[in-house]
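Asks: My file is work.csv. It has CSV, C-alpha atoms:
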```
chain,number,residue,atom,x,y,z
A,243,PRO,CA,-8.5,-34.8,-19.8
A,244,TYR,CA,-8.6,-31.2,-20.7
A,245,ASP,CA,-5.1,-30.2,-19.6
A,246,ILE,CA,-3.3,-32.2,-22.3
A,247,ILE,CA,-5.7,-31.6,-25.2
A,248,SER,CA,-4.0,-29.4,-27.8
A,249,PRO,CA,-6.1,-27.3,-30.3
A,250,SER,CA,-5.2,-29.8,-33.0
A,251,ASP,CA,-6.2,-32.8,-30.8
A,252,LYS,CA,-9.5,-31.1,-30.1
A,253,THR,CA,-10.2,-30.6,-33.8
A,254,GLY,CA,-9.5,-34.3,-34.4
A,255,TYR,CA,-11.8,-35.4,-31.6
A,256,LEU,CA,-14.6,-33.2,-32.8
A,257,LYS,CA,-14.3,-34.8,-36.2
A,258,LYS,CA,-14.1,-38.4,-34.9
A,259,ASN,CA,-17.6,-38.6,-33.5
A,260,PRO,CA,-20.5,-36.3,-32.6
A,261,TYR,CA,-20.6,-37.8,-29.1
A,262,ASN,CA,-16.9,-37.5,-28.3
A,263,VAL,CA,-16.7,-36.4,-24.7
A,264,VAL,CA,-14.4,-33.5,-25.6
A,265,ARG,CA,-17.6,-31.5,-26.2
A,266,ILE,CA,-18.3,-31.7,-22.5
A,267,GLU,CA,-14.8,-31.9,-21.0
A,268,TYR,CA,-13.2,-29.1,-23.2
A,269,PRO,CA,-16.1,-27.2,-24.8
A,270,SER,CA,-16.1,-24.1,-27.0
A,271,ASN,CA,-18.2,-22.6,-24.2
A,272,TYR,CA,-19.6,-23.9,-20.9
A,273,ARG,CA,-23.3,-23.6,-22.0
A,274,SER,CA,-22.6,-25.9,-25.0
A,275,ALA,CA,-21.2,-28.5,-22.6
A,276,LYS,CA,-24.4,-28.4,-20.5
A,277,LYS,CA,-26.6,-28.6,-23.7
A,278,ASN,CA,-24.7,-31.6,-25.0
A,279,PHE,CA,-24.8,-33.4,-21.7
A,280,GLU,CA,-28.6,-33.0,-21.5
A,281,LEU,CA,-29.1,-33.9,-25.2
A,282,TRP,CA,-26.9,-37.1,-24.9
A,283,ARG,CA,-28.9,-38.2,-21.8
A,284,VAL,CA,-32.2,-37.8,-23.7
A,285,LYS,CA,-30.7,-39.8,-26.7
A,286,LYS,CA,-29.4,-42.5,-24.3
A,287,VAL,CA,-25.9,-41.8,-25.4
A,288,LEU,CA,-25.3,-41.4,-21.6
A,289,SER,CA,-27.3,-43.6,-19.2
A,290,ARG,CA,-27.5,-43.5,-15.5
A,291,ASP,CA,-26.5,-46.8,-13.8
A,292,LEU,CA,-29.3,-47.7,-11.6
A,293,SER,CA,-27.3,-49.9,-9.2
A,294,PRO,CA,-24.5,-48.6,-6.9
A,295,SER,CA,-21.3,-49.7,-8.6
A,296,PHE,CA,-17.6,-49.4,-8.8
A,297,TYR,CA,-15.9,-49.8,-12.2
A,298,ILE,CA,-12.6,-51.5,-12.8
A,299,TYR,CA,-10.5,-49.6,-15.4
A,300,GLU,CA,-7.5,-51.1,-17.1
A,301,LYS,CA,-5.1,-49.2,-19.4
A,302,SER,CA,-2.5,-51.1,-21.3
A,303,PHE,CA,0.2,-49.1,-23.1
A,304,THR,CA,3.8,-49.1,-24.4
A,305,PHE,CA,6.6,-46.7,-23.5
A,306,LYS,CA,10.0,-47.1,-25.0
A,307,GLU,CA,9.2,-50.6,-26.1
A,308,LYS,CA,8.2,-51.7,-22.6
A,309,LYS,CA,4.6,-52.8,-22.0
A,310,TYR,CA,2.6,-51.6,-19.0
A,311,ILE,CA,-0.8,-52.5,-17.6
A,312,ARG,CA,-2.3,-50.1,-15.1
A,313,SER,CA,-5.4,-51.3,-13.2
A,314,GLY,CA,-7.6,-49.3,-10.7
A,315,PHE,CA,-11.2,-48.5,-10.2
A,316,PHE,CA,-13.6,-45.6,-10.6
A,317,ALA,CA,-15.4,-44.6,-7.4
A,318,LEU,CA,-16.7,-41.5,-5.6
A,319,LEU,CA,-14.3,-40.2,-3.0
A,320,LYS,CA,-15.5,-37.8,-0.2
A,321,THR,CA,-13.5,-34.6,-0.4
A,322,GLU,CA,-12.0,-33.1,2.7
A,323,LYS,CA,-9.3,-30.6,3.7
A,324,PHE,CA,-5.9,-32.0,2.9
A,325,GLY,CA,-3.7,-33.6,5.6
A,326,LYS,CA,-6.0,-36.1,7.3
A,327,ASN,CA,-6.8,-38.9,4.9
A,328,ILE,CA,-6.1,-37.2,1.5
A,329,PHE,CA,-2.8,-35.7,0.6
A,330,PRO,CA,-1.7,-33.5,-2.4
A,331,HIS,CA,1.9,-33.6,-3.7
A,332,GLU,CA,1.9,-30.5,-6.0
A,333,LYS,CA,1.1,-26.8,-5.7
A,334,THR,CA,-1.7,-25.4,-7.9
A,335,HIS,CA,-2.4,-22.3,-9.8
A,336,ILE,CA,-5.6,-20.1,-10.0
A,337,ALA,CA,-6.4,-20.1,-13.8
A,338,PRO,CA,-7.0,-23.9,-14.2
A,339,LYS,CA,-9.2,-23.9,-11.1
A,340,LEU,CA,-11.3,-21.1,-12.4
A,341,ASP,CA,-11.9,-22.9,-15.7
A,342,ARG,CA,-13.0,-26.1,-14.0
A,343,LEU,CA,-15.2,-24.1,-11.5
A,344,ASN,CA,-17.0,-22.4,-14.4
A,345,LEU,CA,-17.6,-25.8,-16.1
A,346,LEU,CA,-18.9,-27.3,-12.8
A,347,LYS,CA,-21.2,-24.4,-12.0
A,348,ILE,CA,-22.9,-24.5,-15.4
A,349,THR,CA,-23.0,-28.2,-16.1
A,350,ASN,CA,-23.3,-29.6,-12.6
A,351,VAL,CA,-21.3,-32.5,-13.9
A,352,ASN,CA,-18.0,-33.9,-12.6
A,353,THR,CA,-16.6,-34.6,-16.1
A,354,SER,CA,-13.2,-36.2,-15.6
A,355,PRO,CA,-11.8,-38.3,-12.8
A,356,ILE,CA,-8.9,-37.3,-10.6
A,357,PHE,CA,-6.2,-40.0,-10.2
A,358,CYS,CA,-5.3,-41.2,-6.7
A,359,LEU,CA,-3.0,-43.8,-5.1
A,360,PHE,CA,-3.7,-46.1,-2.2
A,361,SER,CA,-2.0,-48.9,-0.3
A,362,ASP,CA,-3.0,-52.5,-1.1
A,363,LYS,CA,-0.6,-54.5,1.1
A,364,LYS,CA,-2.8,-57.5,1.4
A,365,GLU,CA,-3.5,-57.4,-2.4
A,366,ILE,CA,-7.2,-57.3,-1.9
A,367,PHE,CA,-7.7,-55.1,-5.0
A,368,ARG,CA,-5.3,-57.2,-7.1
A,369,LYS,CA,-7.3,-60.3,-6.3
A,370,THR,CA,-10.5,-58.5,-7.1
A,371,VAL,CA,-9.2,-57.5,-10.6
A,372,LEU,CA,-8.1,-61.1,-11.4
A,373,LYS,CA,-11.6,-62.3,-10.6
A,374,ILE,CA,-13.5,-59.5,-12.4
A,375,LYS,CA,-11.3,-59.7,-15.6
A,376,LYS,CA,-12.7,-63.2,-16.3
A,377,ASN,CA,-15.9,-61.4,-17.4
A,378,LYS,CA,-16.5,-59.6,-20.6
A,379,PRO,CA,-15.6,-55.8,-20.3
A,380,LEU,CA,-18.5,-53.4,-20.1
A,381,ALA,CA,-16.6,-50.9,-22.3
A,382,PHE,CA,-13.6,-51.0,-24.5
A,383,ALA,CA,-11.5,-48.5,-26.4
A,384,SER,CA,-8.5,-48.7,-28.7
A,385,LEU,CA,-5.9,-46.0,-28.7
A,386,PRO,CA,-2.8,-45.3,-30.8
A,387,ASN,CA,-0.6,-46.4,-27.9
A,388,GLY,CA,-2.7,-49.1,-26.3
A,389,LYS,CA,-6.1,-50.3,-25.1
A,390,GLU,CA,-8.6,-49.4,-22.3
A,391,LYS,CA,-11.2,-51.7,-20.7
A,392,MET,CA,-13.8,-51.3,-18.0
A,393,TRP,CA,-15.7,-53.8,-15.9
A,394,LYS,CA,-18.6,-53.1,-13.6
A,395,ILE,CA,-18.6,-54.2,-9.9
A,396,SER,CA,-22.1,-54.2,-8.4
A,397,ASP,CA,-22.2,-57.2,-6.0
A,398,LYS,CA,-22.4,-55.9,-2.5
A,399,LYS,CA,-19.8,-58.2,-1.0
A,400,THR,CA,-17.0,-57.0,-3.4
A,401,ILE,CA,-18.1,-53.4,-3.0
A,402,LYS,CA,-17.9,-53.7,0.8
A,403,ALA,CA,-14.5,-55.3,0.6
A,404,LEU,CA,-13.1,-52.3,-1.4
A,405,GLU,CA,-14.9,-49.8,0.8
A,406,ASN,CA,-13.2,-51.4,3.9
A,407,LEU,CA,-9.8,-51.5,2.1
A,408,LEU,CA,-10.0,-47.7,1.6
A,409,LYS,CA,-11.6,-46.9,5.0
A,410,ASN,CA,-8.4,-46.3,6.9
A,411,ASN,CA,-6.2,-45.8,3.9
A,412,LYS,CA,-4.1,-42.7,3.2
A,413,ILE,CA,-4.9,-41.4,-0.3
A,414,LEU,CA,-2.3,-39.5,-2.3
A,415,ILE,CA,-3.5,-37.4,-5.3
A,416,ALA,CA,-1.3,-38.4,-8.3
A,417,ASP,CA,-3.1,-36.2,-10.8
A,418,GLY,CA,-6.0,-33.7,-10.7
A,419,HIS,CA,-5.0,-31.3,-7.9
A,420,HIS,CA,-6.8,-28.4,-9.6
A,421,ARG,CA,-10.0,-30.4,-10.1
A,422,TYR,CA,-9.9,-31.7,-6.5
A,423,GLU,CA,-9.5,-28.2,-4.9
A,424,THR,CA,-12.2,-26.8,-7.2
A,425,PHE,CA,-14.6,-29.5,-6.4
A,426,PHE,CA,-14.1,-29.4,-2.7
A,427,GLU,CA,-14.8,-25.6,-2.6
A,428,PHE,CA,-17.8,-25.9,-4.9
A,429,THR,CA,-19.5,-28.8,-3.1
A,430,LYS,CA,-18.3,-28.1,0.4
A,431,GLY,CA,-17.1,-31.6,0.8
A,432,GLY,CA,-19.0,-33.6,-1.8
A,433,TYR,CA,-18.0,-36.8,-3.5
A,434,ILE,CA,-15.6,-36.5,-6.4
A,435,LEU,CA,-15.2,-38.9,-9.3
A,436,THR,CA,-11.9,-40.7,-8.8
A,437,PHE,CA,-9.7,-43.3,-10.3
A,438,LEU,CA,-8.0,-45.2,-7.5
A,439,CYS,CA,-4.9,-47.2,-8.2
A,440,PRO,CA,-2.6,-49.2,-5.8
A,441,PHE,CA,0.9,-47.7,-5.1
A,442,LYS,CA,2.4,-51.0,-6.2
A,443,SER,CA,0.7,-51.2,-9.6
A,444,ASN,CA,3.1,-52.4,-12.3
A,445,GLY,CA,1.5,-49.9,-14.7
A,446,LEU,CA,2.5,-46.8,-12.8
A,447,LEU,CA,5.0,-44.7,-14.8
A,448,ILE,CA,6.1,-41.2,-13.7
A,449,LEU,CA,7.8,-39.0,-16.3
A,450,PRO,CA,9.6,-35.7,-15.8
A,451,THR,CA,8.5,-32.3,-16.9
A,452,HIS,CA,11.4,-30.0,-17.9
A,453,ARG,CA,11.6,-26.2,-17.1
A,454,LEU,CA,12.1,-23.4,-19.7
A,455,ILE,CA,13.3,-20.0,-18.6
A,456,GLU,CA,13.0,-16.7,-20.5
A,457,ASN,CA,14.8,-14.4,-18.2
A,458,TRP,CA,18.1,-16.3,-17.5
A,459,THR,CA,21.1,-14.0,-17.1
A,460,GLU,CA,24.9,-14.3,-17.0
A,461,LYS,CA,24.6,-13.7,-13.2
A,462,ASP,CA,22.3,-16.7,-12.9
A,463,THR,CA,25.0,-18.9,-14.7
A,464,GLU,CA,27.6,-17.7,-12.2
A,465,LYS,CA,25.2,-18.6,-9.3
A,466,LEU,CA,25.1,-22.2,-10.4
A,467,GLU,CA,28.5,-22.9,-8.7
A,468,ARG,CA,27.2,-21.4,-5.5
A,469,PHE,CA,24.1,-23.7,-5.3
A,470,PHE,CA,25.3,-26.9,-7.0
A,471,LYS,CA,28.2,-29.3,-7.5
A,472,PHE,CA,29.4,-29.9,-11.1
A,473,GLY,CA,30.1,-33.1,-12.9
A,474,GLY,CA,29.7,-36.7,-12.1
A,475,LYS,CA,26.2,-38.2,-11.4
A,476,TRP,CA,23.8,-35.4,-12.1
A,477,ASP,CA,20.4,-34.3,-10.7
A,478,PHE,CA,19.8,-31.6,-13.3
A,479,LYS,CA,21.1,-30.6,-16.8
A,480,PHE,CA,21.2,-26.9,-17.5
A,481,TYR,CA,21.1,-25.9,-21.2
A,482,ILE,CA,22.3,-22.3,-21.5
A,483,LYS,CA,23.0,-21.0,-25.0
A,484,ASN,CA,25.3,-23.6,-26.5
A,485,LYS,CA,26.6,-25.0,-23.2
A,486,ILE,CA,25.4,-27.9,-21.0
A,487,PHE,CA,26.0,-27.9,-17.3
A,488,TYR,CA,25.6,-31.2,-15.3
A,489,VAL,CA,24.9,-30.4,-11.7
A,490,LYS,CA,24.1,-32.1,-8.4
A,491,VAL,CA,22.4,-31.0,-5.3
A,492,PRO,CA,24.9,-30.7,-2.3
A,493,ARG,CA,24.8,-33.6,0.1
A,494,LYS,CA,23.9,-31.4,3.0
A,495,SER,CA,20.5,-30.7,1.5
A,496,ASP,CA,17.8,-32.6,3.3
A,497,ILE,CA,15.0,-31.9,0.8
A,498,LEU,CA,14.3,-33.5,-2.6
A,499,PRO,CA,16.2,-32.2,-5.6
A,500,ILE,CA,13.2,-30.7,-7.2
A,501,GLU,CA,12.4,-28.7,-4.0
A,502,TYR,CA,16.0,-27.6,-3.8
A,503,LEU,CA,16.0,-26.4,-7.5
A,504,HIS,CA,12.9,-24.2,-7.0
A,505,SER,CA,14.0,-22.8,-3.6
A,506,THR,CA,17.4,-21.7,-5.0
A,507,ILE,CA,18.2,-21.0,-8.6
A,508,LEU,CA,14.6,-21.0,-9.9
A,509,LYS,CA,13.2,-18.9,-7.1
A,510,ASN,CA,11.1,-16.0,-8.6
A,511,LYS,CA,11.7,-17.2,-12.1
A,512,GLU,CA,8.9,-17.2,-14.7
A,513,LEU,CA,8.7,-20.8,-16.1
A,514,GLU,CA,7.2,-22.7,-18.9
A,515,TYR,CA,7.2,-26.4,-19.2
A,516,THR,CA,7.7,-29.2,-21.7
A,517,LYS,CA,7.8,-33.0,-21.4
A,518,ASP,CA,10.2,-33.4,-24.3
A,519,GLU,CA,13.9,-32.9,-23.7
A,520,LYS,CA,14.7,-32.4,-27.4
A,521,GLU,CA,12.0,-29.7,-27.6
A,522,ALA,CA,13.6,-28.0,-24.6
A,523,VAL,CA,17.0,-28.0,-26.2
A,524,LYS,CA,15.6,-26.8,-29.5
A,525,LYS,CA,13.8,-23.9,-27.9
A,526,VAL,CA,17.0,-22.7,-26.2
A,527,SER,CA,19.1,-23.1,-29.4
A,528,SER,CA,16.6,-21.1,-31.4
A,529,GLY,CA,16.6,-18.3,-28.8
A,530,GLU,CA,13.0,-18.7,-27.8
A,531,PHE,CA,14.1,-19.3,-24.3
A,532,SER,CA,17.4,-18.4,-22.7
A,533,ALA,CA,17.8,-21.6,-20.6
A,534,ALA,CA,16.3,-25.0,-19.9
A,535,VAL,CA,16.5,-27.3,-16.9
A,536,ILE,CA,16.3,-31.0,-17.6
A,537,VAL,CA,15.0,-32.8,-14.6
A,538,LYS,CA,14.7,-36.5,-13.6
A,539,ALA,CA,11.4,-38.2,-12.8
A,540,THR,CA,10.2,-38.1,-9.3
A,541,SER,CA,10.3,-41.6,-7.8
A,542,MET,CA,7.4,-43.4,-6.0
A,543,GLU,CA,9.5,-43.5,-2.8
A,544,GLU,CA,10.0,-39.7,-3.0
A,545,LEU,CA,6.3,-39.2,-3.4
A,546,LYS,CA,5.6,-41.3,-0.3
A,547,SER,CA,8.1,-39.1,1.6
A,548,VAL,CA,6.2,-36.1,0.5
A,549,MET,CA,3.0,-37.5,1.9
A,550,LYS,CA,4.7,-38.3,5.2
A,551,ARG,CA,6.1,-34.8,5.5
A,552,LYS,CA,2.8,-33.3,4.5
A,553,ILE,CA,4.4,-30.9,2.0
A,554,CYS,CA,3.8,-29.9,-1.6
A,555,LEU,CA,6.3,-30.1,-4.4
A,556,PRO,CA,6.5,-27.3,-7.0
A,557,GLN,CA,4.0,-27.4,-9.8
A,558,LYS,CA,4.6,-30.1,-12.5
A,559,SER,CA,7.0,-32.2,-10.4
A,560,THR,CA,5.3,-35.4,-11.7
A,561,TYR,CA,3.7,-36.5,-14.9
A,562,PHE,CA,1.9,-39.9,-14.4
A,563,TYR,CA,1.9,-41.3,-17.9
A,564,PRO,CA,-0.5,-41.7,-19.6
A,565,LYS,CA,-3.4,-39.7,-18.1
A,566,VAL,CA,-6.6,-41.4,-17.1
A,567,SER,CA,-9.1,-40.9,-20.0
A,568,THR,CA,-12.2,-38.9,-19.7
A,569,GLY,CA,-15.5,-40.3,-20.8
A,570,PHE,CA,-15.8,-43.8,-19.3
A,571,VAL,CA,-17.7,-42.5,-16.3
A,572,LEU,CA,-19.3,-39.1,-15.6
A,573,ASN,CA,-20.6,-37.9,-12.2
A,574,GLU,CA,-23.7,-35.8,-12.3
A,575,LEU,CA,-24.1,-33.8,-9.0
A,576,TYR,CA,-27.3,-33.5,-7.0
```
Can you turn what I pasted into structure tokens?

Replies:
Amino acid sequence: PYDIISPSDKTGYLKKNPYNVVRIEYPSNYRSAKKNFELWRVKKVLSRDLSPSFYIYEKSFTFKEKKYIRSGFFALLKTEKFGKNIFPHEKTHIAPKLDRLNLLKITNVNTSPIFCLFSDKKEIFRKTVLKIKKNKPLAFASLPNGKEKMWKISDKKTIKALENLLKNNKILIADGHHRYETFFEFTKGGYILTFLCPFKSNGLLILPTHRLIENWTEKDTEKLERFFKFGGKWDFKFYIKNKIFYVKVPRKSDILPIEYLHSTILKNKELEYTKDEKEAVKKVSSGEFSAAVIVKATSMEELKSVMKRKICLPQKSTYFYPKVSTGFVLNELY
């Protein structure tokens, strides 16, 4: 999806194939995205599926020499105000929403799926996957770090079983908050392209996103002792100049560590982010930033507690790795 495509990545995708979906998902301008979509449809590069279907999507990948397989399915999810059946877990910012709104307005195409989690206690979805995977995939892609496969579900019985599974389910947005909010406002409650994955999927991996601070001062360093306990088992590592501080949230705090961090020492701080700890340390050592905070990954249990409490964590509290790829299924609006 657009939010992790660097300029060099984009150049590479453009060279790979004239029909790479980056031309629609992350175009040079919004008009060119619309033009390409219409041209590809005429050329049958894109074709509308005539039968109502769900699509099983499987991503296999390796992280730190461990193999993962994440299975879920593409569907259209009816958008609604948060808090009843659908829950966010992170706060959003205006700029990304404006970009996605402009793309939606001009193309009338829901280009990339949001990523949501649901409960599958009776393993209805898992059993469906085992059955469907016996068939040949409809689509297949090889990546530097793994493979992706997609199968079509069009028989009414299986579709109904999955619909019933989700009917009274609570849905948590894992990734795509900006796209969800934009789509809901634009369509006034339309159906958004969604990748739905069980909470208990073995392929779910949440990575941390570290904080970089430009305006860190000596007074801020002195405040650390006021807000945190030092040493021992740590919640955060602060890199400040050539020093490292291992700190822990006080026991009396009844909120998650990432909430506590942003409500205390990082309150009103201008932040930038990186997923690479080494990069964070390097940027502080070089003087580009005055401090960095290394955070731990948010756990699935913590995410579930966020849903129960109906609260939102600070932006970039989670990074579900890897992202769900754009291009397997697109949703044209009517």

Asks: What does the distance between atom CA of Thr253 of chain A and atom CA of Thr560 of chain A come to in Å, to one decimal place?

Replies: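 Separation between atom CA of Thr253 of chain A and atom CA of Thr560 of chain A: 27.4 Å.
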
Asks: Would you mind telling me which residue in A:Asp341, A:Glu365, A:Glu521, A:Glu300 lies nearest to His452 of chain A when using only C-alpha atoms?

Replies: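 Closest to His452 of chain A of all the choices is A:Glu521.
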
Asks: I want to know what sits within 9 Å of Gly445 of chain A, based on all atoms listed in the file, with residues of the same chain fewer than 5 positions away left out; could you give that as a PyMOL selection string?

Replies: chain A and resi 301-303+309-313

Asks: Which one is closest to Ser289 of chain A: A:Thr334, A:Asn484, A:Asn573, A:Ser528? Count only C-alpha atoms.

Replies: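 For Ser289 of chain A, the nearest of the given residues is A:Asn573.
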
Asks: Closest to Ile455 of chain A among A:Lys485, A:Lys475, A:Lys525, A:His420, using all atoms listed in the file?

Replies: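 For Ile455 of chain A, the nearest of the candidates is A:Lys525.
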
Asks: To one decimal place, how far is atom CA of Lys517 of chain A from atom CA of Thr451 of chain A in Å?

Replies: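 Atom CA of Thr451 of chain A lies at a distance of 4.6 Å from atom CA of Lys517 of chain A.
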
Asks: Name all residues at most 8 Å from Lys490 of chain A (count all atoms listed in the file; drop same-chain ones fewer than 4 positions away) and give them as a list of chain:residue names.

Replies: A:Phe470, A:Lys471, A:Phe472, A:Gly473, A:Lys475, A:Trp476, A:Asp477, A:Phe478

Asks: Take atom CA of Ser567 of chain A and atom CA of Phe324 of chain A and report the distance between them in Å, one decimal.

Replies: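 These two atoms are separated by 24.8 Å.
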
Asks: Extract, using all atoms listed in the file, all DNA, RNA and protein residues at most 12 Å from segment 492-497 of chain A, discarding same-chain residues fewer than 6 positions from it, and format them as a PyMOL selection string.

Replies: chain A and resi 466-472+475-477+503-506+544+547-548+551+553-555

Asks: Using all atoms listed in the file, which of A:Ile486, A:Val264, A:Leu438, A:Ile247 sits nearest Phe296 of chain A?

Replies: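 Between A:Ile486, A:Val264, A:Leu438, A:Ile247, the residue approaching Phe296 of chain A most closely is A:Leu438.
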